[in-house]
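First the structure, in the form of structure tokens, and then the observations on it.
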Amino acid sequence: MRGANRYRSARRSARLARMTLAIRPLSDVLAAEVRGVDLREPLDDGDRATLHEAFLERHILCFRDQKLDKPAQLAATLQFGPLDVHIQRNKGDDISLVHTVSNLDADGNPKPEAAAKGNLRWHSDKSYRTVPSCSTFLYGVQVPARGGRTEFANMHRAFGAYSPERQEAFRGMKVVHDWVRSCQKSGEREASAEEAAVYPPVAHPLVRRHPESGYEAFFIGNHASHIFGMDRDEGEALLEEIEAHSTAERFVYRHRWQPGDLLMWDNRCLLHRAEERAGEARVLHRTVTRGTSPF
């Protein structure tokens, strides 16, 4: 038994020695591809530092060719920070902290797009909380051959494209994020009474300063209800204007999924949404790390 353990350890060491961390940009806007990393294994300090630097610069990391079951994804996520809990835990699932994102019905057939309207609207994960999420990890278990991309908008670049005068005006504004209103806007379902009680409306800065990079970025999306202290209709119109500006083509990256992709993105400076899936199966596993207050 001892000899077998030594053999397995030597084999693992040899495999890791052959792996070389490689990072390359996926677009001019944001995102980078990561190869040479097996997230089933612990990261060493050097690789973790390199990945963190790339994450702050590119905002999205795509780890290619991963082979992750739910426990492995959970362990991999914990290497980047403490876990956050999704509003919809998988009741009766094997590991509720790994949330399944699926368009399949009970018989394994793709459901109509109307069943997932919330994912089709621009949003930042859990911005309706007092302490929103930091990073989302989405692993491609079953990905469509056509459609089904995930789109991302760079809120830092979008803010920087406004004039200095408007930037200064935006810095003084707060936005109310409201899960109940978010459900109403998406038309997917009504928020439950329990959800409404646990997550009441919360005001965040319209312009959020990134706690690590110091970059300023809009903090908006479908969970954003209205501008605090502004006429409701006027505030909603302003949010619509900013979102339309911020999700223009020049600020957007579209990720075409490959089997085995694990996508990690920064909710503190991005919006994202799912693309329509043209009736093909799409199953992903999601984990999220806890963030910090936007103030």
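Identifiers in the structure tokens: chain A, B, ... in order shown; residue index from 1 per chain; ligand index from 1 in order shown.
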Could you give me, as a ChimeraX atom specification, the residues within 8 Å of range 283-295 of chain A, counting only C-alpha atoms and dropping anything in the same chain fewer than 3 positions from it?
-> /A:70,73-74,77-78,80-86,97-104,130-143,204-205,208-209
So, counting only C-alpha atoms, which residue among A:Asp45, A:Val207, A:Trp122, A:Arg166 is closest to Glu240 in chain A?
->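 Of A:Asp45, A:Val207, A:Trp122, A:Arg166, the one nearest Glu240 in chain A is A:Trp122, counting only C-alpha atoms.
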As a ChimeraX atom specification, which residues of range 144-275 of chain A does DSSP assign to alpha helix (DSSP H)?
-> /A:155-160,164-171,179-186,193-198,232-246
Write out, as a CSV table (one decimal), in the first residue's frame, the residues just selected, with N, CA and C atoms.
```csv
chain,number,residue,atom,x,y,z
A,155,MET,N,-18.1,47.4,-17.3
A,155,MET,CA,-18.7,48.6,-16.6
A,155,MET,C,-17.6,49.7,-16.3
A,156,HIS,N,-16.4,49.3,-16.2
A,156,HIS,CA,-15.3,50.2,-16.0
A,156,HIS,C,-15.1,51.0,-17.3
A,157,ARG,N,-15.0,50.4,-18.4
A,157,ARG,CA,-14.8,51.1,-19.7
A,157,ARG,C,-16.0,51.9,-20.0
A,158,ALA,N,-17.2,51.4,-19.7
A,158,ALA,CA,-18.4,52.2,-20.0
A,158,ALA,C,-18.5,53.5,-19.2
A,159,PHE,N,-18.1,53.4,-17.9
A,159,PHE,CA,-18.1,54.6,-17.1
A,159,PHE,C,-17.1,55.6,-17.7
A,160,GLY,N,-15.9,55.1,-18.0
A,160,GLY,CA,-14.8,56.0,-18.5
A,160,GLY,C,-15.1,56.7,-19.8
A,164,PRO,N,-16.1,63.9,-18.3
A,164,PRO,CA,-15.8,64.1,-16.8
A,164,PRO,C,-17.0,64.8,-16.0
A,165,GLU,N,-17.7,65.6,-16.7
A,165,GLU,CA,-18.8,66.3,-16.0
A,165,GLU,C,-19.9,65.3,-15.6
A,166,ARG,N,-20.3,64.4,-16.5
A,166,ARG,CA,-21.3,63.4,-16.2
A,166,ARG,C,-20.8,62.4,-15.2
A,167,GLN,N,-19.5,62.0,-15.3
A,167,GLN,CA,-18.9,61.1,-14.4
A,167,GLN,C,-19.1,61.7,-13.0
A,168,GLU,N,-18.8,63.0,-12.8
A,168,GLU,CA,-18.9,63.6,-11.5
A,168,GLU,C,-20.3,63.6,-11.0
A,169,ALA,N,-21.2,63.8,-11.8
A,169,ALA,CA,-22.7,63.8,-11.4
A,169,ALA,C,-23.1,62.4,-11.0
A,170,PHE,N,-22.6,61.4,-11.8
A,170,PHE,CA,-22.9,60.0,-11.4
A,170,PHE,C,-22.4,59.6,-10.1
A,171,ARG,N,-21.2,60.1,-9.7
A,171,ARG,CA,-20.5,59.7,-8.5
A,171,ARG,C,-21.4,60.0,-7.3
A,179,TRP,N,-34.7,42.8,-5.2
A,179,TRP,CA,-35.0,41.5,-5.8
A,179,TRP,C,-36.4,41.4,-6.2
A,180,VAL,N,-37.4,41.9,-5.5
A,180,VAL,CA,-38.8,41.8,-5.8
A,180,VAL,C,-39.0,42.6,-7.2
A,181,ARG,N,-38.5,43.7,-7.3
A,181,ARG,CA,-38.6,44.5,-8.6
A,181,ARG,C,-37.9,43.8,-9.7
A,182,SER,N,-36.8,43.2,-9.4
A,182,SER,CA,-36.0,42.4,-10.5
A,182,SER,C,-36.9,41.3,-11.0
A,183,CYS,N,-37.6,40.6,-10.2
A,183,CYS,CA,-38.4,39.5,-10.6
A,183,CYS,C,-39.6,40.1,-11.5
A,184,GLN,N,-40.1,41.2,-11.1
A,184,GLN,CA,-41.2,41.8,-11.8
A,184,GLN,C,-40.7,42.2,-13.2
A,185,LYS,N,-39.5,42.8,-13.3
A,185,LYS,CA,-39.0,43.3,-14.6
A,185,LYS,C,-38.7,42.2,-15.5
A,186,SER,N,-38.2,41.1,-15.0
A,186,SER,CA,-37.9,39.9,-15.9
A,186,SER,C,-39.1,39.2,-16.3
A,193,ALA,N,-42.5,35.5,-0.5
A,193,ALA,CA,-42.6,36.3,0.7
A,193,ALA,C,-41.3,36.2,1.5
A,194,GLU,N,-40.8,35.0,1.6
A,194,GLU,CA,-39.5,34.7,2.3
A,194,GLU,C,-38.4,35.5,1.7
A,195,GLU,N,-38.2,35.5,0.4
A,195,GLU,CA,-37.2,36.2,-0.3
A,195,GLU,C,-37.3,37.7,-0.1
A,196,ALA,N,-38.5,38.2,-0.2
A,196,ALA,CA,-38.7,39.6,0.0
A,196,ALA,C,-38.3,40.0,1.5
A,197,ALA,N,-38.6,39.2,2.4
A,197,ALA,CA,-38.2,39.5,3.8
A,197,ALA,C,-36.7,39.4,4.1
A,198,VAL,N,-36.1,38.4,3.5
A,198,VAL,CA,-34.6,38.2,3.7
A,198,VAL,C,-33.8,39.3,2.9
A,232,ARG,N,-39.3,58.7,-9.7
A,232,ARG,CA,-39.2,57.2,-10.1
A,232,ARG,C,-39.0,57.1,-11.6
A,233,ASP,N,-39.9,57.7,-12.3
A,233,ASP,CA,-39.8,57.5,-13.8
A,233,ASP,C,-38.5,58.1,-14.4
A,234,GLU,N,-38.1,59.3,-13.8
A,234,GLU,CA,-36.9,59.9,-14.3
A,234,GLU,C,-35.7,59.0,-14.0
A,235,GLY,N,-35.7,58.4,-12.8
A,235,GLY,CA,-34.6,57.6,-12.3
A,235,GLY,C,-34.5,56.3,-13.2
A,236,GLU,N,-35.7,55.7,-13.4
A,236,GLU,CA,-35.7,54.5,-14.3
A,236,GLU,C,-35.2,54.8,-15.7
A,237,ALA,N,-35.6,55.9,-16.2
A,237,ALA,CA,-35.1,56.3,-17.5
A,237,ALA,C,-33.6,56.5,-17.6
A,238,LEU,N,-33.1,57.1,-16.5
A,238,LEU,CA,-31.6,57.3,-16.5
A,238,LEU,C,-30.9,55.9,-16.4
A,239,LEU,N,-31.4,55.0,-15.6
A,239,LEU,CA,-30.8,53.7,-15.6
A,239,LEU,C,-30.9,53.0,-16.9
A,240,GLU,N,-32.0,53.1,-17.6
A,240,GLU,CA,-32.1,52.5,-19.0
A,240,GLU,C,-31.1,53.2,-19.9
A,241,GLU,N,-30.9,54.5,-19.8
A,241,GLU,CA,-29.9,55.1,-20.7
A,241,GLU,C,-28.5,54.6,-20.4
A,242,ILE,N,-28.1,54.5,-19.1
A,242,ILE,CA,-26.8,54.1,-18.8
A,242,ILE,C,-26.6,52.6,-19.2
A,243,GLU,N,-27.6,51.8,-19.0
A,243,GLU,CA,-27.4,50.4,-19.4
A,243,GLU,C,-27.3,50.2,-20.9
A,244,ALA,N,-28.1,51.0,-21.7
A,244,ALA,CA,-27.9,50.9,-23.1
A,244,ALA,C,-26.6,51.4,-23.6
A,245,HIS,N,-26.0,52.4,-23.0
A,245,HIS,CA,-24.7,52.9,-23.3
A,245,HIS,C,-23.7,51.9,-22.9
A,246,SER,N,-23.8,51.3,-21.7
A,246,SER,CA,-22.8,50.4,-21.2
A,246,SER,C,-22.7,49.0,-21.8
```
Give the strand (DSSP E or B) residues of range 92-216 of chain A, as assigned by DSSP on the backbone, as JSON, numbers by chain.
-> {"A": [99, 100, 101, 102, 104, 110, 123, 133, 134, 135, 136, 137, 138, 139, 140, 141, 142, 150, 151, 152, 153, 154, 174, 175, 176, 177, 202, 203, 204, 205, 207, 208, 209, 216]}
Taking only C-alpha atoms into account, which of A:Ile220, A:Leu68, A:Val175, A:Ala153 comes nearest His255 in chain A?
->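 With only C-alpha atoms as the atom set, the closest residue is A:Ala153.
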List the neighbours of Leu56 in chain A out to 10 Å using only C-alpha atoms; skip same-chain residues closer than 5 positions along the sequence, and give me the result as a short mmCIF file (atom, residue, chain, number, x, y, z; two decimals) with C-alpha atoms, in the first residue's frame.
```cif
data_model
loop_
_atom_site.label_atom_id
_atom_site.label_comp_id
_atom_site.auth_asym_id
_atom_site.auth_seq_id
_atom_site.Cartn_x
_atom_site.Cartn_y
_atom_site.Cartn_z
CA LEU A 51 -4.05 34.26 -11.81
CA LEU A 61 -10.73 33.98 -16.62
CA HIS A 210 -13.23 48.37 -7.10
CA GLU A 212 -8.59 45.95 -5.14
CA SER A 213 -7.82 47.73 -8.42
CA TYR A 215 -11.16 51.25 -10.89
CA TRP A 265 -15.82 36.58 -13.57
CA ASP A 266 -15.80 39.71 -11.42
CA CYS A 269 -17.18 45.60 -12.52
#
```
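In this comparison, which uses only C-alpha atoms, the residue of A:His123, A:Arg40, A:His59, A:His177 approaching Pro71 in chain A most closely is A:Arg40.
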CA of Arg256 in chain A to CA of Leu21 in chain A, straight-line distance in Å =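 Atom-to-atom, CA of Leu21 in chain A and CA of Arg256 in chain A are spaced 21.8 Å apart.
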